[in-house]
Amino acid sequence: MNLPWLPETKLLLVEEGRLLFLRLRRSFAGRARVLEQKEYALPRPDDFAVAVAAMKSDCLPRPDDLLLLGLPLEIFTIVHFTLPLAAAENLDGAVGYELMRHVPHDLEGLYWCYRCHEEEGRLAVSVTLAARSRVQGYLAAFTAVGLNLSAVFPALFLLAWMVQEPGLYLGGGFGHHEMVLFDGQAINFQAWEGAEGDAYGDAFLSRNLPLAENRGQVLGKIFLWSTAAAMAESLARLRPALAVSEINNLPDTLSLDWPNFPYSIDLISPQVLHRRRLWIKLEAAAALFLLVALICQPLVVLAGKRRHLQKLEKELAVVRLEADKLSGIRKQNQATISHFETLSGLVREQSVTIDLLKELTEVIPQDTWLSSLAIRARKIHLQGTSASATAVVKALEDSPLFEEVHFDSPVVKKGSSETFKIVVELE
């Protein structure tokens, strides 16, 4: 039975040459059922935004759906470390401090999410990180069509998690190669490389197969996902004793178990998602109750059971009161979500403005004084004085953040200084 008001999981996997879309719904047995599967061509990375717009038009995702995006392994970094049990009192701060020792990047430039559990008297922490600069382009494609991603993750990690068989999983294609070793519960080894030529798969396997085998796990089976099937011939030559299985499409039912998947980066607060799901469940329960009541009411009237009818009317009145309460909760939740989205937008705008000011401060010559600076849309208007206005233009043109640098009015010479007005367009 199809219940259109129930939330669904929309799974998108970015692969070489295609965007794979799966519409999933969790069954009562705990497995996910594939309701729909589509492919969108990606001949070039720039076509991703076009594919997302086509996906929205075809599949109509709703705000309460779980929208998940799987990206290439090269975008992500997985870090493991342990902390004392006492760190649980301020776990966010402790994890952030420890990350500064493990990651050679400013945490402000990263998306990251951590999971932890107690292990041998300490907190075992696993952190998934991705550079904002590598993810922003994908997020912008969804924002442009009015969709909000719930999370991003390494696509090959989730494929191994869903297949649920220990072994070596290979992904990628002629553009790049990926490899992960899965023991049935966690990823024990990962590797990726850019590919150059048809024979590059041999080199990738020759370098990384021994590393995976040295992890101590018996390699009983190798799974080739999608375009990685091109490496089947190389595997037959390098490891003829290993069983190789090609997986071009996922089965109709699979073990998603998303809440326990440890390698994702949440882009929407889990609390917000929980409130959305709770409202949908309550709304579905109320609708189902009203449907049953409407079916039973004529039978009660025909049977002359007036007493039962009065009882049903009282129950309906209670349901109406509960529905009014739920409506109020829904408005509060929507206001909270809007507030978070507004704050997120302000943070993003502030980050861009600070980056621009930092770049201007670093590239403009020391003998230059700005009397006016205005940022409008994609343009920056500068006014000031300098020993050489031409040197200012040259310094801005050399910056990777700016393009189309030109004077907005003639340069005015005053003594040893030149007064200028310059317009700069952002890259």
# chains A, B, ... in the order shown; residues from 1 in each chain; ligands from 1
>>> residues_around(residues="segment 359-376 of chain A", least_positions_apart="2", cutoff="9 Å", atoms="only C-alpha atoms", output="ChimeraX atom specification")
/A:353-357,378-389,391-393,395-396,398-399,401
>>> select_by_dssp(residues="segment 8-248 of chain A", states="strand (DSSP E or B)", output="number ranges by chain")
A: 9-15, 17-26, 32-42, 66-71, 76-84, 110-119, 122-131, 151-154, 167-172, 176-182, 187-194, 221-225, 243-247
>>> write_last_selection(atoms="C-alpha atoms", output="short mmCIF file (atom, residue, chain, number, x, y, z; two decimals), in the first residue's frame")
data_model
loop_
_atom_site.label_atom_id
_atom_site.label_comp_id
_atom_site.auth_asym_id
_atom_site.auth_seq_id
_atom_site.Cartn_x
_atom_site.Cartn_y
_atom_site.Cartn_z
CA THR A 9 14.67 8.73 1.72
CA LYS A 10 16.05 10.18 -1.51
CA LEU A 11 19.52 8.77 -2.21
CA LEU A 12 21.78 10.32 -4.88
CA LEU A 13 25.17 8.88 -5.85
CA VAL A 14 27.60 10.94 -7.93
CA GLU A 15 29.58 8.66 -10.22
CA GLY A 17 29.32 9.91 -16.13
CA ARG A 18 26.06 9.66 -14.19
CA LEU A 19 24.00 10.73 -11.18
CA LEU A 20 22.16 7.71 -9.76
CA PHE A 21 18.88 8.51 -7.95
CA LEU A 22 17.01 6.08 -5.67
CA ARG A 23 13.73 6.74 -3.89
CA LEU A 24 13.61 4.57 -0.77
CA ARG A 25 11.09 3.81 1.94
CA ARG A 26 11.77 1.92 5.15
CA ALA A 32 14.70 -0.11 2.78
CA ARG A 33 12.61 -0.75 -0.32
CA VAL A 34 13.58 0.89 -3.63
CA LEU A 35 10.41 2.54 -4.95
CA GLU A 36 12.07 4.22 -7.92
CA GLN A 37 15.48 4.34 -9.58
CA LYS A 38 16.67 6.81 -12.21
CA GLU A 39 19.90 7.82 -13.91
CA TYR A 40 20.90 11.29 -15.07
CA ALA A 41 23.83 11.74 -17.45
CA LEU A 42 26.87 13.66 -16.18
CA LEU A 66 15.75 12.62 3.92
CA LEU A 67 17.90 13.88 1.01
CA LEU A 68 21.32 12.16 0.97
CA LEU A 69 24.20 12.80 -1.46
CA GLY A 70 27.05 10.34 -2.02
CA LEU A 71 30.27 11.91 -3.37
CA PHE A 76 36.52 13.11 2.39
CA THR A 77 39.01 12.47 5.17
CA ILE A 78 38.33 9.92 7.93
CA VAL A 79 40.15 10.45 11.25
CA HIS A 80 40.18 8.04 14.22
CA PHE A 81 41.49 8.78 17.72
CA THR A 82 40.67 8.12 21.39
CA LEU A 83 39.91 10.47 24.28
CA PRO A 84 39.68 10.00 28.06
CA LEU A 110 35.70 22.08 6.83
CA TYR A 111 32.39 20.31 7.21
CA TRP A 112 32.80 17.60 9.84
CA CYS A 113 30.78 15.25 11.98
CA TYR A 114 31.90 12.78 14.64
CA ARG A 115 30.62 9.60 16.30
CA CYS A 116 32.04 8.02 19.44
CA HIS A 117 31.60 5.02 21.70
CA GLU A 118 33.32 3.66 24.80
CA GLU A 119 36.10 1.16 24.07
CA ARG A 122 38.36 5.34 26.60
CA LEU A 123 36.17 7.15 24.08
CA ALA A 124 36.85 5.91 20.54
CA VAL A 125 36.07 8.78 18.14
CA SER A 126 35.59 8.58 14.37
CA VAL A 127 35.39 11.88 12.46
CA THR A 128 34.34 12.39 8.83
CA LEU A 129 35.61 15.64 7.28
CA ALA A 130 35.24 17.38 3.91
CA ALA A 131 36.59 20.72 2.68
CA ALA A 151 23.83 14.88 4.61
CA VAL A 152 26.81 14.05 2.37
CA PHE A 153 28.97 10.93 2.58
CA PRO A 154 31.52 8.83 0.65
CA GLY A 167 35.19 -7.84 1.19
CA LEU A 168 37.02 -5.36 -1.00
CA TYR A 169 34.86 -2.80 -2.80
CA LEU A 170 36.13 -1.00 -5.91
CA GLY A 171 34.53 2.07 -7.46
CA GLY A 172 35.37 4.88 -9.85
CA HIS A 176 39.65 7.89 -10.93
CA HIS A 177 39.78 4.69 -8.87
CA GLU A 178 38.50 4.01 -5.33
CA MET A 179 38.98 1.08 -2.96
CA VAL A 180 37.61 0.30 0.52
CA LEU A 181 37.99 -2.78 2.72
CA PHE A 182 34.81 -3.59 4.69
CA ILE A 187 35.81 0.35 6.92
CA ASN A 188 39.33 -0.92 7.68
CA PHE A 189 41.18 0.48 4.66
CA GLN A 190 40.60 3.07 1.93
CA ALA A 191 42.50 4.33 -1.10
CA TRP A 192 41.82 6.49 -4.13
CA GLU A 193 43.86 7.78 -7.06
CA GLY A 194 43.29 9.77 -10.20
CA LYS A 221 35.41 -11.49 -2.27
CA ILE A 222 35.84 -8.37 -4.40
CA PHE A 223 32.85 -6.22 -5.37
CA LEU A 224 33.05 -4.05 -8.48
CA TRP A 225 30.60 -1.15 -8.47
CA ALA A 243 35.84 -14.26 -6.32
CA VAL A 244 34.76 -11.11 -8.17
CA SER A 245 31.17 -9.86 -8.19
CA GLU A 246 29.96 -6.98 -10.38
CA ILE A 247 27.24 -4.73 -8.92
#
>>> closest_residue(among="A:Leu211, A:Val52, A:Val292, A:Ala229", to="Leu139 of chain A", atoms="only C-alpha atoms")
A:Val52
>>> closest_residue(among="A:Lys56, A:Ala323, A:Glu16, A:Arg307", to="Pro72 of chain A", atoms="only C-alpha atoms")
A:Glu16
>>> select_by_dssp(residues="segment 80-308 of chain A", states="helix (DSSP H, G or I)", output="MDAnalysis selection string")
chainID A and resid 85:102 107:109 132:144 155:163 200:213 226:238 258:260 270:303 306:308
>>> write_last_selection(atoms="C-alpha atoms", output="tab-separated table (two decimals), in the first residue's frame")
chain	number	residue	atom	x	y	z
A	85	LEU	CA	36.21	9.24	29.41
A	86	ALA	CA	36.28	12.59	31.24
A	87	ALA	CA	36.19	14.35	27.85
A	88	ALA	CA	32.49	13.44	27.60
A	89	GLU	CA	31.67	16.49	29.76
A	90	ASN	CA	32.74	18.80	26.91
A	91	LEU	CA	32.92	16.40	23.99
A	92	ASP	CA	32.48	18.94	21.17
A	93	GLY	CA	35.36	21.05	22.42
A	94	ALA	CA	37.59	18.04	23.08
A	95	VAL	CA	37.00	16.62	19.59
A	96	GLY	CA	37.62	20.01	17.97
A	97	TYR	CA	40.90	20.45	19.87
A	98	GLU	CA	42.07	16.95	18.95
A	99	LEU	CA	41.20	17.54	15.29
A	100	MET	CA	43.54	20.54	15.18
A	101	ARG	CA	46.36	18.08	15.92
A	102	HIS	CA	45.30	15.56	13.25
A	107	LEU	CA	38.38	23.72	10.93
A	108	GLU	CA	36.38	26.77	9.77
A	109	GLY	CA	37.01	25.61	6.21
A	132	ARG	CA	33.81	23.28	2.27
A	133	SER	CA	35.33	24.37	-1.03
A	134	ARG	CA	34.87	20.82	-2.43
A	135	VAL	CA	31.26	20.49	-1.24
A	136	GLN	CA	29.88	24.02	-1.80
A	137	GLY	CA	29.39	23.51	-5.54
A	138	TYR	CA	27.15	20.49	-4.94
A	139	LEU	CA	25.19	22.29	-2.20
A	140	ALA	CA	24.68	25.30	-4.48
A	141	ALA	CA	23.03	23.09	-7.12
A	142	PHE	CA	20.41	21.95	-4.58
A	143	THR	CA	19.92	25.42	-3.09
A	144	ALA	CA	19.29	26.83	-6.58
A	155	ALA	CA	29.37	6.92	-1.85
A	156	LEU	CA	31.50	3.75	-1.85
A	157	PHE	CA	31.34	3.59	1.98
A	158	LEU	CA	27.54	3.49	1.91
A	159	LEU	CA	27.45	0.93	-0.90
A	160	ALA	CA	29.56	-1.44	1.21
A	161	TRP	CA	27.35	-0.67	4.23
A	162	MET	CA	24.20	-1.55	2.24
A	163	VAL	CA	25.55	-4.71	0.59
A	200	TYR	CA	46.24	2.87	-14.90
A	201	GLY	CA	43.91	0.38	-13.19
A	202	ASP	CA	46.74	-2.17	-13.12
A	203	ALA	CA	49.02	0.30	-11.34
A	204	PHE	CA	46.32	1.26	-8.82
A	205	LEU	CA	45.61	-2.39	-7.96
A	206	SER	CA	49.28	-3.33	-7.81
A	207	ARG	CA	49.98	-0.54	-5.32
A	208	ASN	CA	46.93	-0.89	-3.09
A	209	LEU	CA	45.91	-4.58	-3.07
A	210	PRO	CA	48.95	-5.56	-0.93
A	211	LEU	CA	48.17	-2.69	1.49
A	212	ALA	CA	44.58	-3.91	1.89
A	213	GLU	CA	45.69	-7.51	2.37
A	226	SER	CA	29.38	0.40	-11.73
A	227	THR	CA	32.20	1.53	-14.05
A	228	ALA	CA	34.83	-0.20	-11.87
A	229	ALA	CA	33.85	-3.37	-13.75
A	230	ALA	CA	36.53	-2.34	-16.28
A	231	MET	CA	39.12	-3.63	-13.75
A	232	ALA	CA	37.75	-7.20	-13.76
A	233	GLU	CA	40.37	-8.30	-16.28
A	234	SER	CA	43.20	-6.81	-14.22
A	235	LEU	CA	41.91	-8.53	-11.06
A	236	ALA	CA	41.70	-11.88	-12.83
A	237	ARG	CA	45.35	-11.49	-13.72
A	238	LEU	CA	46.60	-10.14	-10.36
A	258	TRP	CA	21.03	5.21	7.93
A	259	PRO	CA	20.81	6.30	11.63
A	260	ASN	CA	23.74	3.98	12.44
A	270	PRO	CA	19.48	16.07	13.76
A	271	GLN	CA	17.06	17.74	16.20
A	272	VAL	CA	15.29	19.51	13.33
A	273	LEU	CA	15.04	16.26	11.38
A	274	HIS	CA	13.66	14.50	14.44
A	275	ARG	CA	10.94	17.13	14.90
A	276	ARG	CA	10.00	16.88	11.23
A	277	ARG	CA	9.68	13.11	11.45
A	278	LEU	CA	7.68	13.28	14.68
A	279	TRP	CA	5.18	15.68	13.14
A	280	ILE	CA	4.73	13.43	10.08
A	281	LYS	CA	4.12	10.37	12.28
A	282	LEU	CA	1.54	12.19	14.40
A	283	GLU	CA	-0.16	13.58	11.31
A	284	ALA	CA	-0.32	10.11	9.72
A	285	ALA	CA	-1.72	8.60	12.92
A	286	ALA	CA	-4.41	11.28	13.15
A	287	ALA	CA	-5.32	10.84	9.48
A	288	LEU	CA	-5.53	7.07	9.87
A	289	PHE	CA	-7.72	7.42	12.95
A	290	LEU	CA	-10.08	9.81	11.15
A	291	LEU	CA	-10.22	7.46	8.16
A	292	VAL	CA	-11.20	4.53	10.38
A	293	ALA	CA	-13.75	6.68	12.15
A	294	LEU	CA	-15.35	7.79	8.88
A	295	ILE	CA	-15.59	4.19	7.68
A	296	CYS	CA	-17.10	2.95	10.93
A	297	GLN	CA	-19.55	5.79	11.48
A	298	PRO	CA	-22.17	4.73	8.83
A	299	LEU	CA	-22.07	1.17	10.15
A	300	VAL	CA	-22.70	2.42	13.68
A	301	VAL	CA	-25.67	4.54	12.52
A	302	LEU	CA	-27.17	1.67	10.56
A	303	ALA	CA	-26.80	-0.67	13.53
A	306	ARG	CA	-26.18	5.51	19.32
A	307	ARG	CA	-24.05	5.10	22.40
A	308	HIS	CA	-21.04	4.08	20.33
>>> atom_distance(atom1="atom CA of Ala317 of chain A", atom2="atom CA of Thr336 of chain A")
28.9 Å
>>> atom_distance(atom1="atom CA of Gln185 of chain A", atom2="atom CA of Pro166 of chain A")
8.3 Å
>>> atom_distance(atom1="atom CA of Pro410 of chain A", atom2="atom CA of Ile422 of chain A")
9.7 Å
